[in-house]
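S.K.: Before anything else, here's the structure in question.
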Amino acid sequence: MSSELIRNRARKLNKTNNNKFKKLSNFVEYFLLVIIVIATWQILENMQIVDPVTLPSPLQIFETFWLMLLSGELLKNIFVSIVRVSQGYALAVIIGIIFGIAIGLSARLNRITDFVIQILKPIPPIAWIPLAILWLGIGETSKIFLIFLGAFFPILINVTDGIRQTDKKLIEVAKVLETPKINFIIKVVIPSALPSIFTGLRVGIGSAWMCVVAAELIASDQGVGYMIMNARQLSQPDVVIVGMLAIGFIGKIIDVILKTIENRLIKWN
Amino acid sequence: MDTENKDEYLKIDKLSKSFIVDGEQLKVLNNINLSIKSGEFICIVGSSGCGKSTLLRIISGLETEYSGDVILNNKRIVKPGLDRGFVFQEPRLFPWLTIEGNLMYALQEKNKQEKKNNVKKHIELVGLEGFENVYPHQLSGGMAQRASIARALINRPDILLLDEPFGALDAFTKIQMQKEMLRIHSAEKSTMILVTHDIDEAVYLADRIIVMSSRPGSIKEILPVNLTRPRNRNSKDFLSLRKLIYDNFFTDEEVTDDYAI
């Protein structure tokens, strides 16, 4: 009896040790590729195989990053871009969700809008730049318009799909219980579409973030896109790379935030 | 309700129903005639594709196109209503609502406190005390089905329609649930119509058993079950009735698991 107890305890102990080891190895695996790339890159620079004028070394990029951070230049540009994205994205979220729900619920509205949406959807926001400038000038409005376009379609399409895919079996339950239409939408249709809605929000923010850079590459005197374009003209590849990485990191952070909200909100999955 | 109509609480008259499949008419129900008394426990048995689920869906108002008449309480059934409760084969609880939330959803009255009391009462009725704030995915199949029965009962329907409600449960849970069903039936005094392919279940529960045959679905026989409750599944009478149904109606047909369309 007691030997069995000990064996059990040992097994448990082994298990927790295994878990700890597993967690550590997962953590290492997650960053393994990044470390290898950076190390190889640095070594190639040190051996002078790569020309630092075309591709600066990781250490140099980090130094530039640090200087830009201290001078406030980096944060200032990031802030400008984030404000632009927030405005365009907020607009896309509101309009996209409202239209998505309406189109998802009404077969007629879907018929009326489908063709136009299908035609507009594949046009990349970048292709809208000339018109945006022509219509709205080179100020903030045209940039917000481009960001809106980038985020709007993924949100609209995912919301519509989510609404339309409400489980027929649950719709029957609502029918049998004579649920009033408004309750049906709030308590059945929207919660059931929530995972899809969040997919739209996440794809949408990714696209919005890409569009802000595109918009700033064209005509701007502030923002991450401008920072990159300006650095190209001044032949500062380290600044270009710092800008690119900033875009990547912020995109990742936004996605993590949305994912966290999603997990909080959709407890039942 | 006048005495004349007491025996015809639910009256099905010359009911036929066809579906269009690949452009062709497929008759699923043919000339069904049946009268059900208020408070009666009816079981409908039949093999796959005999239209028994369709019959139940017509009574519930989920299928609205049919020929003939289905009259409940002197009114022809044209749409779903709260006078009829429906228990589906699967629990079909809303996954984003807790058990309490699912029951609250079914109630349309405004008074919050009254609502809460009503929900509490029905959670107790099906023995789910302590699981009020649990989400459906955290419940076992049998418990989820109990919750869905409570949801169907909460508006105090005059008639409860059950579409193979225990079909997906294991044997032990199933027997337990059948006992609960009888307890609820005697407590609530509602009329029950239960569709099943399980002859044993029908003999255990029913006042009358409707045996259906397929293609097109029609009533083959209506058998009264004159056994006192609680019924012993191993008694001679129970077994002989069970054998009678099986031998007479199902030997020429394959008894397979039935899935609702």
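In the structure tokens, the first chain shown is A, the next is B, and so on; residue numbers restart at 1 for each chain, and ligands run from 1 in the order shown.
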Using only C-alpha atoms, find the residues of chain B whose closest atom to chain A is at most 7 Å away, then write them as a list of chain:residue names.
M.R.: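 Putting it all together, I get B:Pro80, B:Gly81, B:Leu82, B:Phe86, B:Arg92, B:Pro95, B:Trp96, B:Ala106, B:Tyr135.
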S.K.: Can you write just those residues out, N, CA and C atoms, as a JSON list (two decimals), in the first residue's frame?
M.R.:
[["chain", "number", "residue", "atom", "x", "y", "z"],
["B", 80, "PRO", "N", -45.81, 27.81, -34.73],
["B", 80, "PRO", "CA", -45.46, 27.38, -33.39],
["B", 80, "PRO", "C", -46.14, 28.25, -32.33],
["B", 81, "GLY", "N", -46.28, 27.73, -31.13],
["B", 81, "GLY", "CA", -46.90, 28.51, -30.07],
["B", 81, "GLY", "C", -46.46, 28.00, -28.71],
["B", 82, "LEU", "N", -46.60, 28.87, -27.72],
["B", 82, "LEU", "CA", -46.13, 28.50, -26.38],
["B", 82, "LEU", "C", -47.05, 27.48, -25.70],
["B", 86, "PHE", "N", -41.49, 21.79, -27.00],
["B", 86, "PHE", "CA", -40.83, 20.84, -27.90],
["B", 86, "PHE", "C", -39.47, 20.47, -27.34],
["B", 92, "ARG", "N", -30.01, 21.11, -27.75],
["B", 92, "ARG", "CA", -30.15, 22.42, -28.43],
["B", 92, "ARG", "C", -30.23, 23.58, -27.44],
["B", 95, "PRO", "N", -25.37, 27.77, -26.44],
["B", 95, "PRO", "CA", -24.09, 27.56, -25.77],
["B", 95, "PRO", "C", -23.58, 28.79, -25.03],
["B", 96, "TRP", "N", -24.04, 29.98, -25.45],
["B", 96, "TRP", "CA", -23.53, 31.21, -24.81],
["B", 96, "TRP", "C", -24.34, 31.62, -23.59],
["B", 106, "ALA", "N", -36.45, 31.44, -22.41],
["B", 106, "ALA", "CA", -37.74, 30.90, -22.85],
["B", 106, "ALA", "C", -38.92, 31.70, -22.31],
["B", 135, "TYR", "N", -22.34, 26.47, -17.99],
["B", 135, "TYR", "CA", -22.61, 26.54, -19.43],
["B", 135, "TYR", "C", -22.90, 25.13, -19.97]]
S.K.: When you look at A:Leu131 with a cut-off of 12 Å (counting only C-alpha atoms), what residues show up, excluding the ones that are within fewer than 5 positions of it in the same chain? I need them as a list in words.
M.R.: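 The contact residues come out as Pro125, Ile126, Leu136, Gly137, Ile138, Ser142, Lys143, Phe145 and Leu146 of chain A.
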S.K.: Go ahead and save the residues from that selection, with N, CA and C atoms, as an mmCIF file, in the first residue's frame.
M.R.:
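Printed below is result-v2.cif as written:
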data_model
loop_
_atom_site.group_PDB
_atom_site.id
_atom_site.type_symbol
_atom_site.label_atom_id
_atom_site.label_comp_id
_atom_site.auth_asym_id
_atom_site.auth_seq_id
_atom_site.Cartn_x
_atom_site.Cartn_y
_atom_site.Cartn_z
ATOM 1 N N PRO A 125 -6.771 48.430 -51.444
ATOM 2 C CA PRO A 125 -6.870 49.835 -51.028
ATOM 3 C C PRO A 125 -5.823 50.714 -51.700
ATOM 4 N N ILE A 126 -4.647 50.135 -51.991
ATOM 5 C CA ILE A 126 -3.590 50.934 -52.632
ATOM 6 C C ILE A 126 -4.071 51.484 -53.972
ATOM 7 N N LEU A 136 -10.143 63.700 -51.858
ATOM 8 C CA LEU A 136 -10.059 64.173 -50.475
ATOM 9 C C LEU A 136 -8.771 64.930 -50.172
ATOM 10 N N GLY A 137 -7.945 65.116 -51.191
ATOM 11 C CA GLY A 137 -6.705 65.843 -50.966
ATOM 12 C C GLY A 137 -5.648 64.962 -50.310
ATOM 13 N N ILE A 138 -4.525 65.577 -49.925
ATOM 14 C CA ILE A 138 -3.455 64.765 -49.350
ATOM 15 C C ILE A 138 -3.447 64.865 -47.824
ATOM 16 N N SER A 142 -7.988 61.630 -46.563
ATOM 17 C CA SER A 142 -7.750 60.598 -47.574
ATOM 18 C C SER A 142 -7.081 59.377 -46.939
ATOM 19 N N LYS A 143 -6.228 59.608 -45.951
ATOM 20 C CA LYS A 143 -5.560 58.480 -45.290
ATOM 21 C C LYS A 143 -6.573 57.661 -44.494
ATOM 22 N N PHE A 145 -9.675 57.476 -45.065
ATOM 23 C CA PHE A 145 -10.520 56.794 -46.045
ATOM 24 C C PHE A 145 -9.879 55.481 -46.494
ATOM 25 N N LEU A 146 -8.577 55.515 -46.778
ATOM 26 C CA LEU A 146 -7.885 54.300 -47.224
ATOM 27 C C LEU A 146 -7.880 53.231 -46.125
#
S.K.: Mind listing the strand (DSSP E or B) residues of stretch 83-151 of chain B, per DSSP on the backbone, as a ChimeraX atom specification?
M.R.: /B:84-87
S.K.: Would you please give, as JSON, numbers by chain, all residues of stretch 49-98 of chain B that DSSP assigns to helix (DSSP H, G or I) based on the backbone?
M.R.: {"B": [52, 53, 54, 55, 56, 57, 58, 59, 60]}
S.K.: Skipping near chain neighbours, those fewer than 5 positions away, what residues fall within 10 Å of A:Val53 using only C-alpha atoms, listed as a CSV table (one decimal) with C-alpha atoms, in the first residue's frame?
M.R.:
chain,number,residue,atom,x,y,z
A,235,SER,CA,19.9,56.2,-47.5
A,236,GLN,CA,19.4,55.0,-44.0
A,237,PRO,CA,18.6,51.3,-44.3
A,238,ASP,CA,18.8,50.9,-40.5
S.K.: Mind checking which residues fall within 10 Å of stretch 236-243 of chain B, counting only C-alpha atoms, ignoring those fewer than 2 positions away in the same chain, and posting them as a PyMOL selection string?
M.R.: chain B and resi 199-204+223+225-227+231-234+245-249
S.K.: Output C-alpha atoms for every residue in the selection just made, as an mmCIF file, in the first residue's frame.
M.R.:
data_model
loop_
_atom_site.group_PDB
_atom_site.id
_atom_site.type_symbol
_atom_site.label_atom_id
_atom_site.label_comp_id
_atom_site.auth_asym_id
_atom_site.auth_seq_id
_atom_site.Cartn_x
_atom_site.Cartn_y
_atom_site.Cartn_z
ATOM 1 C CA ILE B 199 -40.394 -0.263 -28.318
ATOM 2 C CA ASP B 200 -39.370 -0.819 -24.720
ATOM 3 C CA GLU B 201 -39.542 2.908 -24.044
ATOM 4 C CA ALA B 202 -42.997 3.150 -25.621
ATOM 5 C CA VAL B 203 -44.434 0.277 -23.593
ATOM 6 C CA TYR B 204 -42.940 1.704 -20.402
ATOM 7 C CA LEU B 223 -52.546 -0.004 -29.129
ATOM 8 C CA VAL B 225 -51.381 -0.072 -22.854
ATOM 9 C CA ASN B 226 -53.437 -1.204 -19.912
ATOM 10 C CA LEU B 227 -50.624 -1.779 -17.438
ATOM 11 C CA ARG B 231 -44.425 -0.662 -14.901
ATOM 12 C CA ASN B 232 -42.077 -3.547 -14.437
ATOM 13 C CA ARG B 233 -40.057 -4.022 -17.580
ATOM 14 C CA ASN B 234 -39.638 -7.709 -16.835
ATOM 15 C CA ILE B 245 -45.432 -5.036 -31.249
ATOM 16 C CA TYR B 246 -42.115 -6.299 -32.406
ATOM 17 C CA ASP B 247 -43.396 -9.485 -34.049
ATOM 18 C CA ASN B 248 -46.377 -7.937 -35.735
ATOM 19 C CA PHE B 249 -44.964 -4.727 -36.995
#
S.K.: May I have the residues within 7 Å of stretch 208-216 of chain A as number ranges by chain, using only C-alpha atoms and disregarding those fewer than 2 positions away in the same chain?
M.R.: A: 81, 85, 89, 125-126, 143, 146-148, 150-151, 204-206, 218-220, 223-226, 251
S.K.: Can you measure atom CA of A:Leu258 to atom CA of A:Thr199 for me? One decimal in Å is fine.
M.R.: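 Interatomic distance, atom CA of A:Leu258 to atom CA of A:Thr199: 9.6 Å.
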S.K.: Hey, can you check how far atom CA of A:Val80 sits from atom CA of A:Ile197?
M.R.: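 One can read the atom CA of A:Val80 to atom CA of A:Ile197 distance as 27.3 Å.
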S.K.: Would you mind listing what lies within 9 Å of stretch 31-39 of chain A as a PyMOL selection string, with only C-alpha atoms counted and same-chain residues fewer than 4 positions away left out?
M.R.: chain A and resi 26-27+43-44+57-58
S.K.: With only C-alpha atoms as the counted atoms, please give the residues lying no more than 7 Å from stretch 194-197 of chain B, apart from itself and same-chain residues fewer than 5 positions off, as a list in words.
M.R.: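 That gives Ile42, Cys43, Ile44, Val45, Gly46, Ser47, Lys52, Ser53, Leu161, Leu162, Asp163 and Glu164 of chain B.
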S.K.: My list of candidates is B:Asn102, B:Pro216, B:Thr228, B:Glu40. Which is closest to B:Glu188 when distances are computed with only C-alpha atoms?
M.R.: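 Comparing B:Asn102, B:Pro216, B:Thr228, B:Glu40 against B:Glu188, the winner is B:Glu40.
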S.K.: Have a look at B:Asp83, B:Asp7, B:Glu90, B:Glu100 and name the one nearest to B:Asp158; count only C-alpha atoms.
M.R.: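 Result for the nearest residue to B:Asp158: B:Asp83.
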S.K.: Can you tell me how far atom CA of A:Gly88 sits from atom CA of A:Asn110, in Å to one decimal?
M.R.: 24.6 Å
